[in-house]
>>> print(open('final-v2.cif').read())   # mmCIF, C-alpha atoms and all ligand atoms
data_entry
#
loop_
_atom_site.group_PDB
_atom_site.id
_atom_site.type_symbol
_atom_site.label_atom_id
_atom_site.label_comp_id
_atom_site.auth_asym_id
_atom_site.auth_seq_id
_atom_site.Cartn_x
_atom_site.Cartn_y
_atom_site.Cartn_z
ATOM 1 C CA MET A 1 47.476 -20.220 -16.467
ATOM 2 C CA GLY A 2 46.120 -17.205 -14.630
ATOM 3 C CA ASP A 3 47.930 -14.455 -12.850
ATOM 4 C CA TRP A 4 48.229 -14.738 -9.105
ATOM 5 C CA PHE A 5 48.337 -11.792 -6.768
ATOM 6 C CA GLN A 6 48.733 -10.957 -3.112
ATOM 7 C CA THR A 7 47.395 -7.687 -1.761
ATOM 8 C CA ILE A 8 48.282 -6.232 1.606
ATOM 9 C CA VAL A 9 45.334 -4.025 2.553
ATOM 10 C CA ASP A 10 45.567 -1.444 5.321
ATOM 11 C CA THR A 11 42.053 -1.594 6.771
ATOM 12 C CA GLU A 12 42.576 1.286 9.195
ATOM 13 C CA ALA A 13 44.194 4.067 7.144
ATOM 14 C CA THR A 14 41.863 7.003 6.550
ATOM 15 C CA SER A 15 41.492 8.595 3.134
ATOM 16 C CA ALA A 16 43.562 11.541 4.402
ATOM 17 C CA GLU A 17 46.423 9.284 5.533
ATOM 18 C CA ALA A 18 46.575 6.875 2.603
ATOM 19 C CA GLN A 19 48.724 8.911 0.213
ATOM 20 C CA GLY A 20 51.380 9.714 2.817
ATOM 21 C CA LEU A 21 51.554 6.130 4.051
ATOM 22 C CA ALA A 22 51.855 4.851 0.478
ATOM 23 C CA ALA A 23 54.802 7.188 -0.121
ATOM 24 C CA ASN A 24 56.545 6.076 3.096
ATOM 25 C CA VAL A 25 56.178 2.412 2.262
ATOM 26 C CA LEU A 26 57.389 2.908 -1.315
ATOM 27 C CA ASP A 27 60.459 4.778 -0.016
ATOM 28 C CA TRP A 28 61.252 1.827 2.255
ATOM 29 C CA LEU A 29 60.681 -0.830 -0.433
ATOM 30 C CA ILE A 30 62.853 1.038 -2.926
ATOM 31 C CA ALA A 31 65.626 1.866 -0.416
ATOM 32 C CA ASP A 32 65.859 -1.777 0.679
ATOM 33 C CA GLY A 33 65.889 -3.079 -2.881
ATOM 34 C CA PHE A 34 62.585 -4.976 -2.751
ATOM 35 C CA ILE A 35 61.278 -3.074 -5.778
ATOM 36 C CA SER A 36 62.854 -0.881 -8.416
ATOM 37 C CA ALA A 37 62.354 2.857 -8.259
ATOM 38 C CA GLU A 38 61.112 3.267 -11.853
ATOM 39 C CA ARG A 39 57.465 2.890 -12.648
ATOM 40 C CA THR A 40 57.067 0.594 -15.632
ATOM 41 C CA ASP A 41 54.396 -1.389 -17.426
ATOM 42 C CA CYS A 42 54.525 -4.508 -15.214
ATOM 43 C CA VAL A 43 51.127 -4.841 -13.493
ATOM 44 C CA LEU A 44 47.619 -5.863 -14.476
ATOM 45 C CA GLY A 45 44.652 -3.544 -14.136
ATOM 46 C CA ALA A 46 46.731 -0.369 -13.955
ATOM 47 C CA ASP A 47 49.103 1.499 -16.210
ATOM 48 C CA ALA A 48 52.280 1.178 -14.183
ATOM 49 C CA GLY A 49 53.931 -0.394 -11.173
ATOM 50 C CA HIS A 50 57.302 -1.225 -9.672
ATOM 51 C CA ALA A 51 59.162 -4.323 -10.868
ATOM 52 C CA PRO A 52 60.952 -6.545 -8.319
ATOM 53 C CA GLY A 53 64.223 -5.137 -7.030
ATOM 54 C CA THR A 54 67.545 -6.911 -6.541
ATOM 55 C CA ARG A 55 66.620 -8.030 -3.001
ATOM 56 C CA TYR A 56 63.034 -9.023 -3.700
ATOM 57 C CA GLY A 57 63.895 -12.619 -2.735
ATOM 58 C CA GLU A 58 64.148 -11.574 0.913
ATOM 59 C CA ALA A 59 60.457 -10.624 0.929
ATOM 60 C CA VAL A 60 59.204 -14.058 -0.134
ATOM 61 C CA GLU A 61 59.271 -17.633 1.149
ATOM 62 C CA ASP A 62 60.722 -19.269 -1.918
ATOM 63 C CA PRO A 63 62.284 -16.876 -4.439
ATOM 64 C CA ASP A 64 61.549 -17.727 -8.058
ATOM 65 C CA PRO A 65 64.451 -16.883 -10.389
ATOM 66 C CA GLU A 66 61.981 -16.855 -13.294
ATOM 67 C CA LEU A 67 59.973 -13.951 -11.856
ATOM 68 C CA VAL A 68 62.137 -11.409 -13.689
ATOM 69 C CA ASN A 69 61.001 -12.960 -16.971
ATOM 70 C CA VAL A 70 57.298 -12.681 -16.150
ATOM 71 C CA TRP A 71 55.802 -9.564 -17.647
ATOM 72 C CA SER A 72 53.303 -8.989 -14.827
ATOM 73 C CA ASN A 73 55.680 -9.106 -11.852
ATOM 74 C CA GLY A 74 55.278 -5.678 -10.309
ATOM 75 C CA LEU A 75 53.838 -3.973 -7.264
ATOM 76 C CA HIS A 76 50.828 -1.763 -7.755
ATOM 77 C CA VAL A 77 49.706 0.630 -5.032
ATOM 78 C CA THR A 78 46.023 1.509 -4.764
ATOM 79 C CA VAL A 79 45.163 4.719 -2.934
ATOM 80 C CA GLY A 80 41.482 5.534 -2.495
ATOM 81 C CA ARG A 81 38.389 3.893 -1.087
ATOM 82 C CA THR A 82 38.337 0.401 -2.583
ATOM 83 C CA VAL A 83 36.695 -2.969 -2.077
ATOM 84 C CA PHE A 84 39.626 -5.325 -2.639
ATOM 85 C CA ASP A 85 38.598 -8.832 -3.643
ATOM 86 C CA ALA A 86 40.251 -12.145 -4.338
ATOM 87 C CA GLY A 87 39.324 -12.206 -8.021
ATOM 88 C CA GLN A 88 38.113 -15.588 -9.180
ATOM 89 C CA GLY A 89 35.597 -17.493 -7.115
ATOM 90 C CA GLU A 90 33.083 -16.434 -4.491
ATOM 91 C CA PRO A 91 33.243 -15.573 -0.829
ATOM 92 C CA SER A 92 32.229 -18.821 0.902
ATOM 93 C CA ALA A 93 30.661 -17.328 4.031
ATOM 94 C CA VAL A 94 30.241 -14.181 6.052
ATOM 95 C CA THR A 95 29.985 -13.739 9.816
ATOM 96 C CA CYS A 96 27.943 -11.187 11.759
ATOM 97 C CA PRO A 97 30.183 -8.878 13.811
ATOM 98 C CA HIS A 98 27.543 -8.702 16.597
ATOM 99 C CA CYS A 99 26.412 -12.295 17.204
ATOM 100 C CA ALA A 100 29.039 -14.309 15.264
ATOM 101 C CA ALA A 101 26.366 -16.152 13.275
ATOM 102 C CA GLU A 102 27.978 -17.460 10.119
ATOM 103 C CA MET A 103 26.008 -17.433 6.889
ATOM 104 C CA PRO A 104 27.148 -19.589 3.998
ATOM 105 C CA LEU A 105 27.209 -17.721 0.691
ATOM 106 C CA VAL A 106 27.770 -20.767 -1.498
ATOM 107 C CA ASP A 107 26.080 -24.150 -1.631
ATOM 108 C CA GLU A 108 27.741 -27.562 -1.708
ATOM 109 C CA HIS A 109 28.439 -27.117 -5.433
ATOM 110 C CA TRP A 110 30.177 -23.805 -4.730
ATOM 111 C CA SER A 111 27.343 -21.897 -6.438
ATOM 112 C CA PRO A 112 26.356 -18.582 -4.864
ATOM 113 C CA ILE A 113 23.277 -18.678 -2.622
ATOM 114 C CA GLU A 114 21.449 -15.784 -4.227
ATOM 115 C CA GLU A 115 19.071 -14.917 -1.388
ATOM 116 C CA THR A 116 21.876 -14.574 1.145
ATOM 117 C CA TRP A 117 24.174 -12.774 -1.243
ATOM 118 C CA ALA A 118 21.319 -10.341 -2.044
ATOM 119 C CA ARG A 119 21.545 -8.977 1.511
ATOM 120 C CA PHE A 120 25.096 -7.839 0.866
ATOM 121 C CA GLU A 121 25.547 -7.089 -2.800
ATOM 122 C CA ASP A 122 24.258 -3.499 -2.836
ATOM 123 C CA ALA A 123 26.328 -2.593 0.201
ATOM 124 C CA VAL A 124 29.472 -4.213 -1.202
ATOM 125 C CA GLY A 125 28.873 -2.576 -4.564
ATOM 126 C CA SER A 126 28.394 0.937 -3.213
ATOM 127 C CA TRP A 127 31.061 0.985 -0.491
ATOM 128 C CA ALA A 128 33.784 2.290 -2.820
ATOM 129 C CA GLU A 129 31.586 5.277 -3.709
ATOM 130 C CA GLY A 130 31.531 6.327 -0.087
ATOM 131 C CA HIS A 131 28.412 4.591 1.224
ATOM 132 C CA ASP A 132 28.317 2.696 4.494
ATOM 133 C CA GLU A 133 25.122 0.774 3.952
ATOM 134 C CA PRO A 134 24.105 -1.175 7.022
ATOM 135 C CA VAL A 135 23.312 -4.845 6.526
ATOM 136 C CA ALA A 136 20.820 -6.543 8.831
ATOM 137 C CA CYS A 137 21.712 -9.879 10.382
ATOM 138 C CA PRO A 138 18.968 -12.505 10.055
ATOM 139 C CA SER A 139 20.056 -14.126 13.332
ATOM 140 C CA CYS A 140 20.185 -11.198 15.732
ATOM 141 C CA ASP A 141 18.323 -8.529 13.718
ATOM 142 C CA ARG A 142 21.005 -5.967 14.391
ATOM 143 C CA THR A 143 22.659 -4.066 11.566
ATOM 144 C CA ALA A 144 26.330 -3.436 10.868
ATOM 145 C CA PRO A 145 28.119 -1.580 8.062
ATOM 146 C CA VAL A 146 29.240 -4.013 5.386
ATOM 147 C CA HIS A 147 32.962 -3.484 5.985
ATOM 148 C CA THR A 148 32.656 -4.699 9.579
ATOM 149 C CA TRP A 149 31.301 -8.149 8.623
ATOM 150 C CA LEU A 150 33.900 -10.897 8.637
ATOM 151 C CA TRP A 151 34.424 -12.399 5.216
ATOM 152 C CA ALA A 152 35.624 -16.010 5.047
ATOM 153 C CA ASP A 153 39.010 -16.610 3.439
ATOM 154 C CA ASP A 154 39.540 -12.826 3.526
ATOM 155 C CA TYR A 155 37.689 -12.702 0.236
ATOM 156 C CA PHE A 156 36.919 -8.994 0.610
ATOM 157 C CA ALA A 157 38.942 -6.316 2.338
ATOM 158 C CA PHE A 158 37.641 -2.764 2.606
ATOM 159 C CA GLY A 159 40.149 0.033 2.799
ATOM 160 C CA HIS A 160 41.788 3.143 1.399
ATOM 161 C CA LEU A 161 45.225 1.669 0.764
ATOM 162 C CA GLY A 162 46.395 -1.589 -0.791
ATOM 163 C CA PHE A 163 49.661 -2.995 -2.133
ATOM 164 C CA THR A 164 49.241 -5.642 -4.826
ATOM 165 C CA PHE A 165 52.167 -7.902 -5.721
ATOM 166 C CA TRP A 166 51.678 -9.609 -9.077
ATOM 167 C CA ASN A 167 52.946 -13.172 -9.382
ATOM 168 C CA TRP A 168 55.337 -12.915 -6.455
ATOM 169 C CA PRO A 169 55.866 -16.159 -4.508
ATOM 170 C CA THR A 170 54.212 -16.289 -1.071
ATOM 171 C CA LEU A 171 55.227 -13.264 0.959
ATOM 172 C CA ARG A 172 57.140 -14.063 4.140
ATOM 173 C CA PRO A 173 55.085 -13.431 7.307
ATOM 174 C CA GLU A 174 57.954 -11.321 8.684
ATOM 175 C CA PHE A 175 57.754 -9.093 5.620
ATOM 176 C CA VAL A 176 54.015 -8.624 6.124
ATOM 177 C CA VAL A 177 54.594 -7.759 9.797
ATOM 178 C CA ASP A 178 57.201 -5.181 8.723
ATOM 179 C CA PHE A 179 54.604 -3.737 6.389
ATOM 180 C CA SER A 180 52.120 -3.236 9.235
ATOM 181 C CA ARG A 181 54.807 -1.579 11.300
ATOM 182 C CA ARG A 182 55.589 0.836 8.446
ATOM 183 C CA LEU A 183 51.880 1.575 8.244
ATOM 184 C CA GLY A 184 51.894 2.874 11.796
ATOM 185 C CA GLY A 185 50.889 -0.475 13.296
ATOM 186 C CA HIS A 186 47.631 -0.524 11.385
ATOM 187 C CA ARG A 187 45.728 -3.767 11.009
ATOM 188 C CA THR A 188 46.361 -5.322 7.620
ATOM 189 C CA VAL A 189 44.670 -8.081 5.687
ATOM 190 C CA LEU A 190 46.630 -10.225 3.249
ATOM 191 C CA LEU A 191 44.333 -11.106 0.425
ATOM 192 C CA GLU A 192 45.362 -13.679 -2.155
ATOM 193 C CA GLY A 193 43.712 -14.350 -5.439
ATOM 194 C CA LYS A 194 43.855 -15.121 -9.087
ATOM 195 C CA LEU A 195 42.723 -13.378 -12.219
HETATM 196 ZN ZN ZN B 201 23.953 -11.170 14.126
#
>>> encode(input="final-v2.cif", output="structure tokens", more="lines below")
Ligand SMILES: [Zn+2]
Amino acid sequence: MGDWFQTIVDTEATSAEAQGLAANVLDWLIADGFISAERTDCVLGADAGHAPGTRYGEAVEDPDPELVNVWSNGLHVTVGRTVFDAGQGEPSAVTCPHCAAEMPLVDEHWSPIEETWARFEDAVGSWAEGHDEPVACPSCDRTAPVHTWLWADDYFAFGHLGFTFWNWPTLRPEFVVDFSRRLGGHRTVLLEGKL
């Protein structure tokens, strides 16, 4: 059994804002008992995170009493330019932000279509290092930076700030809306995946 995660990505926060916003949101989550204040070894892919708090159940659809017994049950905050992805699997399609042409990225056997993926892979791979490589659309010939393309199933989200909940049950939509409000009304993407 793999580990499941949900990441709320703020796609509008600038690199200058991210740290301050992260601190505000953590203050709120700790004060309201959604997470515990201590940073402990409870997340994957990072050294520490915040375990669920006494009122974590109010953030999710269907609270799981067993979550406290799962080692990887914490919240990890990522600050810094990052391409967040859904882990296992492949993005199924991508849509041009200019002409709305949708390009499949996998075939009927769910295998990546290499020639289409090749248009994007360098730009996706270098975005975190600060590049905004334009990608040309084969339908309309216009170019757009990779983070402005629309990725099916929210497979990728590009941003400077993300909150990853490890193994939490499905987050309640109201909780996610509250999150956006605490992030100054920024647009957020909820990305779900498995490792
Ligand atoms: Zn296009």
>>> atom_distance(input="final-v2.cif", atom1="CA of Arg181 in chain A", atom2="CA of Trp28 in chain A")
11.6 Å
>>> closest_residue(input="final-v2.cif", among="A:Ala100, A:Cys42, A:Ala37, A:Ala157", to="Val189 in chain A", atoms="only C-alpha atoms")
A:Ala157
>>> residues_near_ligand(input="final-v2.cif", ligand="ligand ZN 201 (chain B)", cutoff="7 Å", atoms="all atoms listed in the file", output="list in words")
Cys96, Pro97, His98, Cys99, Ala100, Ala101, Cys137, Pro138, Ser139, Cys140, Asp141 and Arg142 of chain A
>>> write_last_selection(input="final-v2.cif", atoms="C-alpha atoms", output="mmCIF file, in the frame of the given file")
data_model
loop_
_atom_site.group_PDB
_atom_site.id
_atom_site.type_symbol
_atom_site.label_atom_id
_atom_site.label_comp_id
_atom_site.auth_asym_id
_atom_site.auth_seq_id
_atom_site.Cartn_x
_atom_site.Cartn_y
_atom_site.Cartn_z
ATOM 1 C CA CYS A 96 27.943 -11.187 11.759
ATOM 2 C CA PRO A 97 30.183 -8.878 13.811
ATOM 3 C CA HIS A 98 27.543 -8.702 16.597
ATOM 4 C CA CYS A 99 26.412 -12.295 17.204
ATOM 5 C CA ALA A 100 29.039 -14.309 15.264
ATOM 6 C CA ALA A 101 26.366 -16.152 13.275
ATOM 7 C CA CYS A 137 21.712 -9.879 10.382
ATOM 8 C CA PRO A 138 18.968 -12.505 10.055
ATOM 9 C CA SER A 139 20.056 -14.126 13.332
ATOM 10 C CA CYS A 140 20.185 -11.198 15.732
ATOM 11 C CA ASP A 141 18.323 -8.529 13.718
ATOM 12 C CA ARG A 142 21.005 -5.967 14.391
#
>>> atom_distance(input="final-v2.cif", atom1="CA of Val106 in chain A", atom2="CA of Ser92 in chain A")
5.4 Å
>>> resolve_selection(input="final-v2.cif", expression="the PyMOL selection byres (((chain A and resi 120-136) around 8) and not hetatm)", output="list of chain:residue names")
A:Arg81, A:Thr82, A:Val83, A:Thr116, A:Trp117, A:Ala118, A:Arg119, A:Cys137, A:Pro138, A:Asp141, A:Arg142, A:Thr143, A:Ala144, A:Pro145, A:Val146, A:His147
>>> write_last_selection(input="final-v2.cif", atoms="C-alpha atoms", output="mmCIF file, in the coordinates of the input")
data_model
loop_
_atom_site.group_PDB
_atom_site.id
_atom_site.type_symbol
_atom_site.label_atom_id
_atom_site.label_comp_id
_atom_site.auth_asym_id
_atom_site.auth_seq_id
_atom_site.Cartn_x
_atom_site.Cartn_y
_atom_site.Cartn_z
ATOM 1 C CA ARG A 81 38.389 3.893 -1.087
ATOM 2 C CA THR A 82 38.337 0.401 -2.583
ATOM 3 C CA VAL A 83 36.695 -2.969 -2.077
ATOM 4 C CA THR A 116 21.876 -14.574 1.145
ATOM 5 C CA TRP A 117 24.174 -12.774 -1.243
ATOM 6 C CA ALA A 118 21.319 -10.341 -2.044
ATOM 7 C CA ARG A 119 21.545 -8.977 1.511
ATOM 8 C CA CYS A 137 21.712 -9.879 10.382
ATOM 9 C CA PRO A 138 18.968 -12.505 10.055
ATOM 10 C CA ASP A 141 18.323 -8.529 13.718
ATOM 11 C CA ARG A 142 21.005 -5.967 14.391
ATOM 12 C CA THR A 143 22.659 -4.066 11.566
ATOM 13 C CA ALA A 144 26.330 -3.436 10.868
ATOM 14 C CA PRO A 145 28.119 -1.580 8.062
ATOM 15 C CA VAL A 146 29.240 -4.013 5.386
ATOM 16 C CA HIS A 147 32.962 -3.484 5.985
#
>>> resolve_selection(input="final-v2.cif", expression="the PyMOL selection byres (((chain A and resi 165) around 6) and not hetatm)", output="MDAnalysis selection string")
chainID A and resid 5:6 74:75 164 166 168
>>> atom_distance(input="final-v2.cif", atom1="CA of Thr54 in chain A", atom2="CA of Asn69 in chain A")
13.7 Å
>>> closest_residue(input="final-v2.cif", among="A:Phe163, A:Glu12, A:Asp27, A:Ser72", to="Thr40 in chain A", atoms="all atoms listed in the file")
A:Ser72
>>> resolve_selection(input="final-v2.cif", expression="the PyMOL selection byres (((chain A and resi 86-90) around 7) and not hetatm)", output="PDB file with C-alpha atoms, keeping the file's coordinate frame")
ATOM      1  CA  ASP A  85      38.598  -8.832  -3.643  1.00  0.00           C
ATOM      2  CA  PRO A  91      33.243 -15.573  -0.829  1.00  0.00           C
ATOM      3  CA  SER A  92      32.229 -18.821   0.902  1.00  0.00           C
ATOM      4  CA  TYR A 155      37.689 -12.702   0.236  1.00  0.00           C
ATOM      5  CA  PHE A 156      36.919  -8.994   0.610  1.00  0.00           C
ATOM      6  CA  LEU A 191      44.333 -11.106   0.425  1.00  0.00           C
ATOM      7  CA  GLU A 192      45.362 -13.679  -2.155  1.00  0.00           C
ATOM      8  CA  GLY A 193      43.712 -14.350  -5.439  1.00  0.00           C
ATOM      9  CA  LYS A 194      43.855 -15.121  -9.087  1.00  0.00           C
ATOM     10  CA  LEU A 195      42.723 -13.378 -12.219  1.00  0.00           C
TER      11      LEU A 195
END
>>> residues_around(input="final-v2.cif", residues="Phe179 in chain A", least_positions_apart="3", cutoff="12 Å", atoms="all atoms listed in the file", output="PDB file with C-alpha atoms, in the coordinates of the input")
ATOM      1  CA  THR A   7      47.395  -7.687  -1.761  1.00  0.00           C
ATOM      2  CA  ILE A   8      48.282  -6.232   1.606  1.00  0.00           C
ATOM      3  CA  VAL A   9      45.334  -4.025   2.553  1.00  0.00           C
ATOM      4  CA  ASP A  10      45.567  -1.444   5.321  1.00  0.00           C
ATOM      5  CA  LEU A  21      51.554   6.130   4.051  1.00  0.00           C
ATOM      6  CA  ALA A  22      51.855   4.851   0.478  1.00  0.00           C
ATOM      7  CA  ASN A  24      56.545   6.076   3.096  1.00  0.00           C
ATOM      8  CA  VAL A  25      56.178   2.412   2.262  1.00  0.00           C
ATOM      9  CA  LEU A  26      57.389   2.908  -1.315  1.00  0.00           C
ATOM     10  CA  TRP A  28      61.252   1.827   2.255  1.00  0.00           C
ATOM     11  CA  LEU A  29      60.681  -0.830  -0.433  1.00  0.00           C
ATOM     12  CA  ALA A  59      60.457 -10.624   0.929  1.00  0.00           C
ATOM     13  CA  GLY A 162      46.395  -1.589  -0.791  1.00  0.00           C
ATOM     14  CA  PHE A 163      49.661  -2.995  -2.133  1.00  0.00           C
ATOM     15  CA  LEU A 171      55.227 -13.264   0.959  1.00  0.00           C
ATOM     16  CA  ARG A 172      57.140 -14.063   4.140  1.00  0.00           C
ATOM     17  CA  PRO A 173      55.085 -13.431   7.307  1.00  0.00           C
ATOM     18  CA  GLU A 174      57.954 -11.321   8.684  1.00  0.00           C
ATOM     19  CA  PHE A 175      57.754  -9.093   5.620  1.00  0.00           C
ATOM     20  CA  VAL A 176      54.015  -8.624   6.124  1.00  0.00           C
ATOM     21  CA  ARG A 182      55.589   0.836   8.446  1.00  0.00           C
ATOM     22  CA  LEU A 183      51.880   1.575   8.244  1.00  0.00           C
ATOM     23  CA  GLY A 184      51.894   2.874  11.796  1.00  0.00           C
ATOM     24  CA  GLY A 185      50.889  -0.475  13.296  1.00  0.00           C
ATOM     25  CA  HIS A 186      47.631  -0.524  11.385  1.00  0.00           C
ATOM     26  CA  ARG A 187      45.728  -3.767  11.009  1.00  0.00           C
ATOM     27  CA  THR A 188      46.361  -5.322   7.620  1.00  0.00           C
ATOM     28  CA  VAL A 189      44.670  -8.081   5.687  1.00  0.00           C
ATOM     29  CA  LEU A 190      46.630 -10.225   3.249  1.00  0.00           C
TER      30      LEU A 190
END
>>> closest_residue(input="final-v2.cif", among="A:Ala31, A:Ala18, A:Val68, A:Ala152", to="Thr95 in chain A", atoms="all atoms listed in the file")
A:Ala152
>>> axis_aligned_box(input="final-v2.cif", around="range 71-76 of chain A", padding_each_side="4 Å", output="JSON")
{"center_x": 53.3, "center_y": -5.7, "center_z": -12.5, "size_x": 13.0, "size_y": 15.8, "size_z": 18.4}
>>> residues_around(input="final-v2.cif", residues="range 13-16 of chain A", least_positions_apart="3", cutoff="7 Å", atoms="only C-alpha atoms", output="mmCIF file with C-alpha atoms, in the coordinates of the input")
data_model
loop_
_atom_site.group_PDB
_atom_site.id
_atom_site.type_symbol
_atom_site.label_atom_id
_atom_site.label_comp_id
_atom_site.auth_asym_id
_atom_site.auth_seq_id
_atom_site.Cartn_x
_atom_site.Cartn_y
_atom_site.Cartn_z
ATOM 1 C CA ASP A 10 45.567 -1.444 5.321
ATOM 2 C CA GLY A 80 41.482 5.534 -2.495
ATOM 3 C CA HIS A 160 41.788 3.143 1.399
ATOM 4 C CA LEU A 161 45.225 1.669 0.764
#
>>> decode(input="final-v2.cif", residues="range 98-106 of chain A", atoms="all heavy atoms", output="PDB file, in the first residue's frame")
ATOM      1  N   HIS A  98      -3.908  29.460 -25.041  1.00  0.00           N
ATOM      2  CA  HIS A  98      -4.364  30.415 -26.059  1.00  0.00           C
ATOM      3  C   HIS A  98      -5.580  29.890 -26.814  1.00  0.00           C
ATOM      4  O   HIS A  98      -6.599  30.563 -26.907  1.00  0.00           O
ATOM      5  CB  HIS A  98      -3.253  30.678 -27.084  1.00  0.00           C
ATOM      6  CG  HIS A  98      -2.070  31.382 -26.511  1.00  0.00           C
ATOM      7  ND1 HIS A  98      -2.152  32.610 -25.899  1.00  0.00           N
ATOM      8  CD2 HIS A  98      -0.759  31.022 -26.473  1.00  0.00           C
ATOM      9  CE1 HIS A  98      -0.940  32.987 -25.499  1.00  0.00           C
ATOM     10  NE2 HIS A  98      -0.084  32.030 -25.832  1.00  0.00           N
ATOM     11  N   CYS A  99      -5.469  28.675 -27.391  1.00  0.00           N
ATOM     12  CA  CYS A  99      -6.512  28.214 -28.318  1.00  0.00           C
ATOM     13  C   CYS A  99      -7.335  27.070 -27.758  1.00  0.00           C
ATOM     14  O   CYS A  99      -8.259  26.586 -28.424  1.00  0.00           O
ATOM     15  CB  CYS A  99      -5.888  27.799 -29.650  1.00  0.00           C
ATOM     16  SG  CYS A  99      -4.963  26.250 -29.566  1.00  0.00           S
ATOM     17  N   ALA A 100      -7.001  26.600 -26.532  1.00  0.00           N
ATOM     18  CA  ALA A 100      -7.765  25.531 -25.877  1.00  0.00           C
ATOM     19  C   ALA A 100      -7.661  24.181 -26.574  1.00  0.00           C
ATOM     20  O   ALA A 100      -8.435  23.270 -26.291  1.00  0.00           O
ATOM     21  CB  ALA A 100      -9.225  25.925 -25.671  1.00  0.00           C
ATOM     22  N   ALA A 101      -6.694  24.035 -27.490  1.00  0.00           N
ATOM     23  CA  ALA A 101      -6.477  22.713 -28.089  1.00  0.00           C
ATOM     24  C   ALA A 101      -5.921  21.783 -27.014  1.00  0.00           C
ATOM     25  O   ALA A 101      -4.992  22.143 -26.294  1.00  0.00           O
ATOM     26  CB  ALA A 101      -5.489  22.816 -29.248  1.00  0.00           C
ATOM     27  N   GLU A 102      -6.520  20.603 -26.926  1.00  0.00           N
ATOM     28  CA  GLU A 102      -6.061  19.647 -25.921  1.00  0.00           C
ATOM     29  C   GLU A 102      -5.196  18.587 -26.584  1.00  0.00           C
ATOM     30  O   GLU A 102      -5.562  18.020 -27.602  1.00  0.00           O
ATOM     31  CB  GLU A 102      -7.246  18.972 -25.232  1.00  0.00           C
ATOM     32  CG  GLU A 102      -6.797  18.117 -24.061  1.00  0.00           C
ATOM     33  CD  GLU A 102      -7.921  17.309 -23.427  1.00  0.00           C
ATOM     34  OE1 GLU A 102      -8.444  16.389 -24.087  1.00  0.00           O
ATOM     35  OE2 GLU A 102      -8.264  17.606 -22.277  1.00  0.00           O
ATOM     36  N   MET A 103      -4.023  18.360 -25.996  1.00  0.00           N
ATOM     37  CA  MET A 103      -3.129  17.335 -26.530  1.00  0.00           C
ATOM     38  C   MET A 103      -3.031  16.175 -25.559  1.00  0.00           C
ATOM     39  O   MET A 103      -2.634  16.378 -24.416  1.00  0.00           O
ATOM     40  CB  MET A 103      -1.730  17.920 -26.702  1.00  0.00           C
ATOM     41  CG  MET A 103      -1.562  18.651 -27.999  1.00  0.00           C
ATOM     42  SD  MET A 103      -0.072  19.653 -27.886  1.00  0.00           S
ATOM     43  CE  MET A 103      -0.763  21.083 -27.119  1.00  0.00           C
ATOM     44  N   PRO A 104      -3.390  14.975 -26.002  1.00  0.00           N
ATOM     45  CA  PRO A 104      -3.203  13.827 -25.120  1.00  0.00           C
ATOM     46  C   PRO A 104      -1.718  13.572 -24.889  1.00  0.00           C
ATOM     47  O   PRO A 104      -0.899  13.752 -25.806  1.00  0.00           O
ATOM     48  CB  PRO A 104      -3.828  12.661 -25.882  1.00  0.00           C
ATOM     49  CG  PRO A 104      -4.350  13.206 -27.159  1.00  0.00           C
ATOM     50  CD  PRO A 104      -3.917  14.621 -27.314  1.00  0.00           C
ATOM     51  N   LEU A 105      -1.367  13.187 -23.693  1.00  0.00           N
ATOM     52  CA  LEU A 105       0.025  12.868 -23.364  1.00  0.00           C
ATOM     53  C   LEU A 105       0.220  11.381 -23.120  1.00  0.00           C
ATOM     54  O   LEU A 105       1.334  10.921 -22.906  1.00  0.00           O
ATOM     55  CB  LEU A 105       0.463  13.646 -22.120  1.00  0.00           C
ATOM     56  CG  LEU A 105       0.577  15.160 -22.310  1.00  0.00           C
ATOM     57  CD1 LEU A 105       0.725  15.860 -20.960  1.00  0.00           C
ATOM     58  CD2 LEU A 105       1.752  15.509 -23.213  1.00  0.00           C
ATOM     59  N   VAL A 106      -0.890  10.642 -23.120  1.00  0.00           N
ATOM     60  CA  VAL A 106      -0.791   9.185 -22.973  1.00  0.00           C
ATOM     61  C   VAL A 106      -1.661   8.532 -24.042  1.00  0.00           C
ATOM     62  O   VAL A 106      -2.631   9.132 -24.509  1.00  0.00           O
ATOM     63  CB  VAL A 106      -1.256   8.699 -21.574  1.00  0.00           C
ATOM     64  CG1 VAL A 106      -0.294   9.148 -20.491  1.00  0.00           C
ATOM     65  CG2 VAL A 106      -2.667   9.161 -21.276  1.00  0.00           C
TER      66      VAL A 106
END
